[in-house]
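All remarks here apply to the structure that follows.
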Amino acid sequence: MLWYRSWLETRWRFVIGLVLLLLSAAGAVISYPEVVRLLPLADTVRVSGEIGRRIRESAALAHDYRGYIWSQWIREELCQMGTLFAVLLGTGGLLAQRSMLFTLSLPVSRRRVVGVRAMTGLGQLLILLLLPPMLIPLLSPSIGQSYRLGDVLAYVLCAFVAASVFFSLAFLLSTLFADVWRPMLIALGVAMLIGIAEQLGRRHGLFAVMSAESWFRSGALPWIGLLVSAALSTAMQYAAAANIARRDF
């Protein structure tokens, strides 16, 4: 029953996120021939500064299909939408439920209630970040390209572990605030600050782990980043369970 109630709470966020990411992945693959056709125009762009550098880098990476998928979809769409829906799936929880007193009256511990809610959300997040990337090797032959399954699995691993940090942050905040909006806005604000910091030069942050940049550039997984992300996520999940266990309702 706990699993079912947790599923009911987040099912529409999960379904909407899955559909959007599937459409995004399919669109990225199908649009590649048109991107290749327009690449010569990118060479004529004369923009200075960081914006110009990023335009030139994206154009250079897009000449190769693997580089195009990573730079345009993995690093951008998957990371951004993965972060957004990680926060949305983590937001809510016991304090935001109208049936909170009924849930607490069930013959299970509060830690189990919190644990089931967390596992349900993380399971949904894993599916969100697994199925859309799997479309890429399936659809690539339709445009005369191929994509390695090993790359997909590496990107999924990194995206899930890093995105779980944002899920756990929203989940923890949801045990501190009894509404949906404050946990969501605070978690998204933290994500934006991290993203801005990395844009300003810190290339080894959480989003670099999420995009598996080291895997793309050198074939090495960011093990330190993965371990730190997993530790942070675990610590926040533990703190969330402790908050609910000692709270006086």
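Letters for chains follow the order of the structure tokens (A, B, ...), residue numbers begin at 1 for each chain, and ligand numbers begin at 1 in the order shown.
For A:Arg217, the non-local neighbours within 10 Å, defined as residues at least 4 positions apart in the same chain or in other chains and counting only C-alpha atoms, are A:Gly67, A:Ala212, A:Glu213.
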Keeping only N, CA and C atoms, write the selected residues as a PDB file, in the first residue's frame.
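The result, written out as again_23.pdb:
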```
ATOM      1  N   GLY A  67      29.838  13.385 -30.746  1.00  0.00           N
ATOM      2  CA  GLY A  67      30.013  14.693 -30.126  1.00  0.00           C
ATOM      3  C   GLY A  67      28.734  15.503 -30.131  1.00  0.00           C
ATOM      4  N   ALA A 212      28.798  13.377 -17.571  1.00  0.00           N
ATOM      5  CA  ALA A 212      29.870  12.401 -17.840  1.00  0.00           C
ATOM      6  C   ALA A 212      30.883  12.963 -18.838  1.00  0.00           C
ATOM      7  N   GLU A 213      31.298  14.203 -18.601  1.00  0.00           N
ATOM      8  CA  GLU A 213      32.227  14.857 -19.516  1.00  0.00           C
ATOM      9  C   GLU A 213      33.544  14.101 -19.616  1.00  0.00           C
TER      10      GLU A 213
END
```
Report task. Fewer than 2 positions away in the same chain doesn't count, so skip those; otherwise give me all residues within 6 Å of A:Ala170, counting only C-alpha atoms, as a list in words. Result -> Val87, Gly90, Thr91, Phe167, Ser168, Leu172, Leu173, Pro183 and Ala187 of chain A
Q: Considering only C-alpha atoms, return as a VMD selection string whatever protein or nucleic-acid residues lie within 12 Å of A:Ser31, sequence-local ones (same chain, fewer than 6 positions apart) excluded.
A: chain A and resid 23 to 25 37 to 38 62 65 68 to 69 72 to 73 139 to 140 142 to 143
Those same residues, written as a JSON list (two decimals), in the first residue's frame with C-alpha atoms?
```json
[["chain", "number", "residue", "atom", "x", "y", "z"],
["A", 23, "LEU", "CA", 10.39, 13.23, -27.45],
["A", 24, "SER", "CA", 13.56, 15.24, -26.83],
["A", 25, "ALA", "CA", 15.84, 12.25, -27.48],
["A", 37, "ARG", "CA", 23.55, 20.79, -43.35],
["A", 38, "LEU", "CA", 23.62, 24.03, -41.33],
["A", 62, "ALA", "CA", 28.52, 18.55, -33.93],
["A", 65, "TYR", "CA", 27.61, 12.30, -34.32],
["A", 68, "TYR", "CA", 26.70, 16.10, -31.29],
["A", 69, "ILE", "CA", 24.66, 13.79, -29.04],
["A", 72, "GLN", "CA", 23.48, 18.98, -27.63],
["A", 73, "TRP", "CA", 21.45, 16.38, -25.77],
["A", 139, "LEU", "CA", 16.90, 5.37, -33.78],
["A", 140, "SER", "CA", 20.41, 6.20, -35.01],
["A", 142, "SER", "CA", 17.36, 5.49, -39.35],
["A", 143, "ILE", "CA", 19.64, 8.44, -40.20]]
```
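Proximity ranking of A:Phe85, A:Phe171, A:Tyr32, A:Phe160 relative to A:Gln145 places A:Tyr32 first, based on only C-alpha atoms.
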I'd like the neighbourhood of stretch 76-79 of chain A as a ChimeraX atom specification, where a residue qualifies if any of its atoms comes within 12 Å (using only C-alpha atoms), though same-chain residues fewer than 2 positions away should be ignored. /A:17-18,20-28,58,68-74,81-86,125,128-133,152,155-156,158-164,166,191-192,195,206-213
Selected residues, N, CA and C atoms, written as a short mmCIF file (atom, residue, chain, number, x, y, z; two decimals), in the first residue's frame, please.
```cif
data_model
loop_
_atom_site.label_atom_id
_atom_site.label_comp_id
_atom_site.auth_asym_id
_atom_site.auth_seq_id
_atom_site.Cartn_x
_atom_site.Cartn_y
_atom_site.Cartn_z
N GLY A 17 7.48 13.83 -17.38
CA GLY A 17 8.93 13.88 -17.59
C GLY A 17 9.40 12.84 -18.57
N LEU A 18 8.86 11.63 -18.46
CA LEU A 18 9.26 10.56 -19.37
C LEU A 18 8.90 10.88 -20.81
N LEU A 20 8.35 13.84 -22.18
CA LEU A 20 9.16 14.97 -22.68
C LEU A 20 10.58 14.53 -23.04
N LEU A 21 11.18 13.71 -22.20
CA LEU A 21 12.55 13.27 -22.48
C LEU A 21 12.60 12.31 -23.67
N LEU A 22 11.60 11.47 -23.81
CA LEU A 22 11.56 10.58 -24.98
C LEU A 22 11.44 11.39 -26.26
N LEU A 23 10.55 12.38 -26.26
CA LEU A 23 10.39 13.23 -27.45
C LEU A 23 11.67 14.02 -27.72
N SER A 24 12.32 14.48 -26.66
CA SER A 24 13.56 15.24 -26.83
C SER A 24 14.66 14.38 -27.44
N ALA A 25 14.81 13.15 -26.95
CA ALA A 25 15.84 12.25 -27.48
C ALA A 25 15.58 11.92 -28.94
N ALA A 26 14.33 11.61 -29.26
CA ALA A 26 13.98 11.29 -30.65
C ALA A 26 14.23 12.49 -31.55
N GLY A 27 13.87 13.68 -31.07
CA GLY A 27 14.07 14.89 -31.87
C GLY A 27 15.54 15.18 -32.12
N ALA A 28 16.37 14.92 -31.11
CA ALA A 28 17.81 15.15 -31.29
C ALA A 28 18.39 14.26 -32.37
N SER A 58 30.48 23.97 -29.75
CA SER A 58 29.32 23.14 -30.12
C SER A 58 29.35 22.79 -31.60
N TYR A 68 27.97 15.38 -31.20
CA TYR A 68 26.70 16.10 -31.29
C TYR A 68 25.73 15.63 -30.21
N ILE A 69 25.58 14.32 -30.05
CA ILE A 69 24.66 13.79 -29.04
C ILE A 69 25.07 14.22 -27.65
N TRP A 70 26.36 14.17 -27.38
CA TRP A 70 26.79 14.55 -26.03
C TRP A 70 26.60 16.04 -25.79
N SER A 71 27.05 16.87 -26.72
CA SER A 71 27.04 18.32 -26.48
C SER A 71 25.63 18.90 -26.53
N GLN A 72 24.79 18.38 -27.43
CA GLN A 72 23.48 18.98 -27.63
C GLN A 72 22.37 18.32 -26.81
N TRP A 73 22.54 17.03 -26.50
CA TRP A 73 21.45 16.38 -25.77
C TRP A 73 21.86 15.92 -24.37
N ILE A 74 22.96 15.19 -24.26
CA ILE A 74 23.37 14.72 -22.94
C ILE A 74 23.71 15.89 -22.03
N MET A 81 16.75 18.83 -17.95
CA MET A 81 15.45 18.23 -17.66
C MET A 81 15.57 17.17 -16.56
N GLY A 82 16.70 16.47 -16.52
CA GLY A 82 16.91 15.51 -15.45
C GLY A 82 16.94 16.18 -14.09
N THR A 83 17.59 17.34 -14.01
CA THR A 83 17.62 18.10 -12.75
C THR A 83 16.23 18.57 -12.36
N LEU A 84 15.50 19.13 -13.32
CA LEU A 84 14.16 19.63 -13.05
C LEU A 84 13.25 18.54 -12.51
N PHE A 85 13.23 17.38 -13.17
CA PHE A 85 12.31 16.33 -12.75
C PHE A 85 12.82 15.58 -11.53
N ALA A 86 14.12 15.60 -11.28
CA ALA A 86 14.63 15.06 -10.02
C ALA A 86 14.07 15.87 -8.86
N LEU A 125 13.05 8.17 -11.12
CA LEU A 125 14.14 8.97 -11.69
C LEU A 125 15.06 8.11 -12.55
N LEU A 128 13.37 7.51 -15.81
CA LEU A 128 13.38 8.75 -16.60
C LEU A 128 14.71 8.96 -17.31
N LEU A 129 15.80 8.59 -16.63
CA LEU A 129 17.12 8.83 -17.19
C LEU A 129 17.66 7.65 -17.98
N LEU A 130 16.94 6.53 -17.97
CA LEU A 130 17.40 5.33 -18.68
C LEU A 130 16.72 5.16 -20.03
N LEU A 131 15.40 5.24 -20.07
CA LEU A 131 14.67 4.92 -21.30
C LEU A 131 14.94 5.91 -22.44
N PRO A 132 14.89 7.23 -22.20
CA PRO A 132 15.14 8.15 -23.32
C PRO A 132 16.52 7.97 -23.97
N PRO A 133 17.62 7.86 -23.22
CA PRO A 133 18.91 7.62 -23.88
C PRO A 133 18.95 6.33 -24.68
N VAL A 152 25.87 4.98 -23.76
CA VAL A 152 24.56 5.25 -23.16
C VAL A 152 24.56 4.87 -21.68
N TYR A 155 26.54 7.30 -19.53
CA TYR A 155 25.83 8.55 -19.33
C TYR A 155 24.67 8.39 -18.36
N VAL A 156 23.96 7.27 -18.45
CA VAL A 156 22.83 7.02 -17.55
C VAL A 156 23.33 6.91 -16.11
N CYS A 158 26.06 8.18 -14.69
CA CYS A 158 26.49 9.48 -14.18
C CYS A 158 25.31 10.41 -13.96
N ALA A 159 24.38 10.42 -14.90
CA ALA A 159 23.22 11.30 -14.77
C ALA A 159 22.38 10.93 -13.56
N PHE A 160 22.17 9.63 -13.34
CA PHE A 160 21.33 9.20 -12.23
C PHE A 160 21.98 9.51 -10.88
N VAL A 161 23.25 9.19 -10.74
CA VAL A 161 23.91 9.41 -9.45
C VAL A 161 23.95 10.91 -9.11
N ALA A 162 24.28 11.74 -10.09
CA ALA A 162 24.34 13.18 -9.84
C ALA A 162 22.94 13.77 -9.63
N ALA A 163 21.97 13.35 -10.43
CA ALA A 163 20.61 13.88 -10.29
C ALA A 163 19.99 13.47 -8.97
N SER A 164 20.42 12.34 -8.42
CA SER A 164 19.88 11.90 -7.13
C SER A 164 20.23 12.88 -6.02
N PHE A 166 20.06 16.18 -6.32
CA PHE A 166 18.99 17.18 -6.36
C PHE A 166 17.67 16.58 -5.87
N ALA A 191 20.44 24.40 -7.65
CA ALA A 191 20.89 23.85 -8.93
C ALA A 191 21.36 24.96 -9.87
N MET A 192 20.62 26.06 -9.90
CA MET A 192 21.02 27.18 -10.76
C MET A 192 22.35 27.78 -10.32
N GLY A 195 25.10 25.51 -11.41
CA GLY A 195 25.30 25.64 -12.85
C GLY A 195 26.05 26.91 -13.21
N LEU A 206 29.16 19.33 -10.12
CA LEU A 206 28.12 18.31 -10.16
C LEU A 206 27.58 18.09 -11.57
N PHE A 207 27.43 19.17 -12.34
CA PHE A 207 26.90 19.01 -13.70
C PHE A 207 27.93 18.38 -14.63
N ALA A 208 29.21 18.58 -14.35
CA ALA A 208 30.23 17.88 -15.13
C ALA A 208 30.15 16.38 -14.88
N VAL A 209 29.84 16.00 -13.64
CA VAL A 209 29.62 14.59 -13.33
C VAL A 209 28.37 14.09 -14.03
N MET A 210 27.29 14.87 -13.96
CA MET A 210 26.02 14.45 -14.55
C MET A 210 26.12 14.25 -16.05
N SER A 211 26.88 15.08 -16.72
CA SER A 211 27.03 14.96 -18.17
C SER A 211 28.09 13.94 -18.57
N ALA A 212 28.80 13.38 -17.57
CA ALA A 212 29.87 12.40 -17.84
C ALA A 212 30.88 12.96 -18.84
N GLU A 213 31.30 14.20 -18.60
CA GLU A 213 32.23 14.86 -19.52
C GLU A 213 33.54 14.10 -19.62
#
```
With distances taken over only C-alpha atoms, the candidate from A:Gly219, A:Gly123, A:Pro40, A:Pro137 nearest A:Ala60 is A:Pro40
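The gap separating atom CA of A:Leu135 from atom CA of A:Ser233 is 27.8 Å, in Å to one decimal.
When atom CA of A:Ser174 is paired with atom CA of A:Ser109, their separation reads 18.3 Å.
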- prompt: Which parts of stretch 1-237 of chain A does DSSP call alpha helix (DSSP H) when run on the backbone here, written out as a ChimeraX atom specification?
  reply: /A:2-30,32-42,49-62,65-68,79-90,100-104,110-139,149-173,181-199,206-210,213-218,223-237
